[in-house]
Amino acid sequence: MEELYNLNVEKAVLSAIIFDPEIFEEVASFLKPSDFYLPFHQHLFNAMESLFEQELPIDEEFLKKELNKSGKFDEIAMIEVLSSNPITNTKAYVQEIKAYSNKRALITLATQIKKLTIEDDLDAAEVMDRVEQKLYEITQDSVSEDFRDSKEITVAMLKEIERLKELGNSKLIGIDTGFENLNDKTSGFGKGDLVIIAARPAMGKTALVLNMALKAIERNEGVAFFSLEMPAEQLMLRMLSIKTSIPLQALRVGNLKDDEWSRLSTATDDMSRRKLFVDDGGYATIHHVRSKLRKLKSQHPEISLAIIDYLQLMSGDARSQAGRQQEISEISRGLKQLARELEIPIIALSQLNRSLENRENKRPMLSDLRESGAIEQDADIILFVYRDDVYREAKEKEKEMKAKAEGKPYESTYQRKEEEETELIIGKQRNGPTGTVDLLFQKRFTRFVDAKSKSSAYEVVFESGNYDTSEGKIELPPI
């Protein structure tokens, strides 16, 4: 196994630390004790860490005392370290130790795969999940970036300014959201943004992002869609309804007129050439999403947007004993890190707490997010979908059922609309204003469109401490 370690390199780095303790912190930012192959070298580096934390000298005498406490001192091995030739390019030696360590970790993983598969008799899905997680840990452990200096940052910023200049007076500097009114408020979704879209059931949680996805692929951009609730065929059916203006119900039963069959044929041909990638396995962890999205992005650089429907259906680490809130925290933080790594916005749908149904004003706010703490902290943009007609229709049905139960006649005054007014409430925007964007929801086609007839811009800022909660009710400002 000589190709999996180099004791001379390990001794050289340890010796360099003893002769110049100032470099320990820099070395420790790249290496940990287990990265060394020889057990004594592991113990010695561990002793160095202990002395550093105690603010004691990292020298021969103190190291000997520290190692003797645990019976780990080896005089011959120590002499070999001290007699090692001095080095100047410590970083190259440290990188070599790390490379050997990663090779050994991969060999260990290969052995573990065999054990998990044959001896432990786990199913393939469980084995792959554990392998994926371990591979990610090895990958993360091997990546350590230095600070970016002023020159690099300035050059990068100049390039970004030049890109913005080429856009002219366009307000859109990020990824097109697909809606002019929303672009005006956000300037588009930023590369690296985590965007949360939240709503109560029946508000069109899923429909809105399908509209966004359709407009993106029609711009010849790529979209990755993780559907944890709906099969890919149903997603495509809804997108075809949006695209063709054929009612969704008609598509579901195949009850189409001749001209509609023609429109459907043209639309399906077009969609078959678009860059839409759907994972509808119904199960996803942050490791699963990270692994699949990295691979897809490397194969298809045109991917400009990823969508997850929805966040609360994602699973945490099955072996974790942490509560659900901690799991959601890990998921949202992982999605934010992944968005930055791949330089694309990631849109995650989220549930809202049922408690808002008890309020008279049912417009959502940040505290209505389920497991809201971590989501609110990690998200760059949080959007709430609100359609008042959903509540009006529900209230009317409730009155009708109550009248029937009492044997009384009831004549409904509620009339369904072809287009329902929709408020897209910007509850948080890290780099822009909060407020409300006006859309229209064309229910037959599950399609959202910009509301052209009215202004989209009154600002709604929900701040803590402004409401009387003494009786468990929150009075919101009128909208």
# chains A, B, ... in the order shown; residues from 1 in each chain; ligands from 1
>>> residues_around(residues="Lys69 (chain A)", least_positions_apart="6", cutoff="12 Å", atoms="only C-alpha atoms", output="PyMOL selection string")
chain A and resi 43+47+50+62-63
>>> write_last_selection(atoms="N, CA and C atoms", output="PDB file, in the first residue's frame")
ATOM      1  N   HIS A  43      -1.542  10.831  16.444  1.00  0.00           N
ATOM      2  CA  HIS A  43      -1.504  11.238  17.848  1.00  0.00           C
ATOM      3  C   HIS A  43      -0.749  12.554  18.027  1.00  0.00           C
ATOM      4  N   ALA A  47      -2.132  16.040  19.462  1.00  0.00           N
ATOM      5  CA  ALA A  47      -1.506  16.722  20.598  1.00  0.00           C
ATOM      6  C   ALA A  47      -1.224  18.187  20.260  1.00  0.00           C
ATOM      7  N   SER A  50      -4.400  20.054  20.682  1.00  0.00           N
ATOM      8  CA  SER A  50      -4.698  20.246  22.101  1.00  0.00           C
ATOM      9  C   SER A  50      -3.877  21.394  22.697  1.00  0.00           C
ATOM     10  N   PHE A  62       6.642  20.161  25.373  1.00  0.00           N
ATOM     11  CA  PHE A  62       5.205  20.136  25.672  1.00  0.00           C
ATOM     12  C   PHE A  62       4.485  19.021  24.922  1.00  0.00           C
ATOM     13  N   LEU A  63       4.939  18.708  23.720  1.00  0.00           N
ATOM     14  CA  LEU A  63       4.339  17.604  22.974  1.00  0.00           C
ATOM     15  C   LEU A  63       4.568  16.275  23.670  1.00  0.00           C
TER      16      LEU A  63
END
>>> residues_around(residues="Asn8 (chain A)", least_positions_apart="6", cutoff="12 Å", atoms="only C-alpha atoms", output="JSON, numbers by chain")
{"A": [2, 14, 15, 36, 37, 38, 41, 77, 80, 81, 82, 83, 84, 85, 86, 87, 93, 94, 96, 97]}
>>> write_last_selection(atoms="N, CA and C atoms", output="compact mmCIF listing (two decimals), in the first residue's frame")
# COMPACT_ATOMS: atom_id res chain seq x y z
N GLU A 2 2.08 1.18 -0.49
CA GLU A 2 2.97 2.34 -0.47
C GLU A 2 2.40 3.52 -1.24
N LEU A 14 4.91 17.67 9.95
CA LEU A 14 4.90 17.73 11.41
C LEU A 14 6.14 18.43 11.95
N SER A 15 7.28 18.13 11.34
CA SER A 15 8.53 18.78 11.74
C SER A 15 8.48 20.28 11.50
N PHE A 36 -3.49 11.69 8.49
CA PHE A 36 -2.16 11.08 8.56
C PHE A 36 -2.31 9.57 8.59
N TYR A 37 -1.37 8.88 7.97
CA TYR A 37 -1.46 7.42 7.88
C TYR A 37 -0.90 6.74 9.13
N LEU A 38 0.30 7.14 9.58
CA LEU A 38 0.94 6.50 10.73
C LEU A 38 0.21 6.89 12.01
N HIS A 41 1.75 9.65 14.02
CA HIS A 41 1.58 10.96 13.40
C HIS A 41 0.19 11.52 13.68
N ALA A 77 9.88 7.34 17.10
CA ALA A 77 9.08 8.00 16.06
C ALA A 77 9.21 9.52 16.16
N GLU A 80 12.47 10.64 14.64
CA GLU A 80 12.38 10.61 13.17
C GLU A 80 11.69 11.86 12.64
N VAL A 81 10.67 12.32 13.36
CA VAL A 81 9.98 13.55 12.94
C VAL A 81 10.92 14.74 13.06
N LEU A 82 11.60 14.83 14.21
CA LEU A 82 12.47 15.99 14.47
C LEU A 82 13.67 16.03 13.52
N SER A 83 14.10 14.87 13.06
CA SER A 83 15.28 14.82 12.18
C SER A 83 14.93 14.98 10.70
N SER A 84 13.63 15.18 10.43
CA SER A 84 13.21 15.34 9.04
C SER A 84 13.75 16.65 8.47
N ASN A 85 14.10 16.63 7.17
CA ASN A 85 14.64 17.82 6.52
C ASN A 85 13.61 18.96 6.52
N PRO A 86 14.04 20.19 6.77
CA PRO A 86 13.11 21.33 6.76
C PRO A 86 12.56 21.56 5.36
N ILE A 87 11.31 22.05 5.30
CA ILE A 87 10.65 22.33 4.01
C ILE A 87 10.17 23.78 3.98
N TYR A 93 3.03 19.98 0.35
CA TYR A 93 3.11 18.76 1.17
C TYR A 93 1.76 18.45 1.82
N VAL A 94 1.09 19.49 2.31
CA VAL A 94 -0.22 19.31 2.93
C VAL A 94 -1.22 18.76 1.92
N GLU A 96 -0.57 16.94 -0.64
CA GLU A 96 -0.25 15.54 -0.93
C GLU A 96 -0.77 14.62 0.16
N ILE A 97 -0.64 15.05 1.41
CA ILE A 97 -1.20 14.26 2.52
C ILE A 97 -2.71 14.10 2.35
>>> residues_around(residues="Leu349 (chain A)", least_positions_apart="3", cutoff="7 Å", atoms="only C-alpha atoms", output="MDAnalysis selection string")
chainID A and resid 196:198 308:311
>>> residues_around(residues="Lys336 (chain A)", least_positions_apart="6", cutoff="7 Å", atoms="only C-alpha atoms", output="list in words")
Asp193, Leu194 and Asp378 of chain A
>>> residues_around(residues="Ser332 (chain A)", least_positions_apart="5", cutoff="8 Å", atoms="only C-alpha atoms", output="VMD selection string")
chain A and resid 374 to 375 378 to 379
>>> closest_residue(among="A:Gln312, A:Gln42, A:Ser304, A:Gln54", to="Ala284 (chain A)", atoms="only C-alpha atoms")
A:Gln312
>>> atom_distance(atom1="CA of Gly190 (chain A)", atom2="CA of Asp438 (chain A)")
21.1 Å
>>> closest_residue(among="A:Lys275, A:Lys243, A:Lys257, A:Arg333", to="Phe448 (chain A)", atoms="only C-alpha atoms")
A:Lys243
>>> residues_around(residues="Ile344 (chain A)", least_positions_apart="5", cutoff="12 Å", atoms="only C-alpha atoms", output="count of residues only")
30
>>> residues_around(residues="Lys32 (chain A)", least_positions_apart="5", cutoff="9 Å", atoms="only C-alpha atoms", output="list in words")
Val27, Gln42, Phe45 and Asn46 of chain A
>>> write_last_selection(atoms="C-alpha atoms", output="mmCIF file, in the first residue's frame")
data_model
loop_
_atom_site.group_PDB
_atom_site.id
_atom_site.type_symbol
_atom_site.label_atom_id
_atom_site.label_comp_id
_atom_site.auth_asym_id
_atom_site.auth_seq_id
_atom_site.Cartn_x
_atom_site.Cartn_y
_atom_site.Cartn_z
ATOM 1 C CA VAL A 27 -2.183 23.468 8.268
ATOM 2 C CA GLN A 42 -2.158 11.080 14.096
ATOM 3 C CA PHE A 45 -1.084 16.157 15.289
ATOM 4 C CA ASN A 46 -3.882 15.643 17.814
#
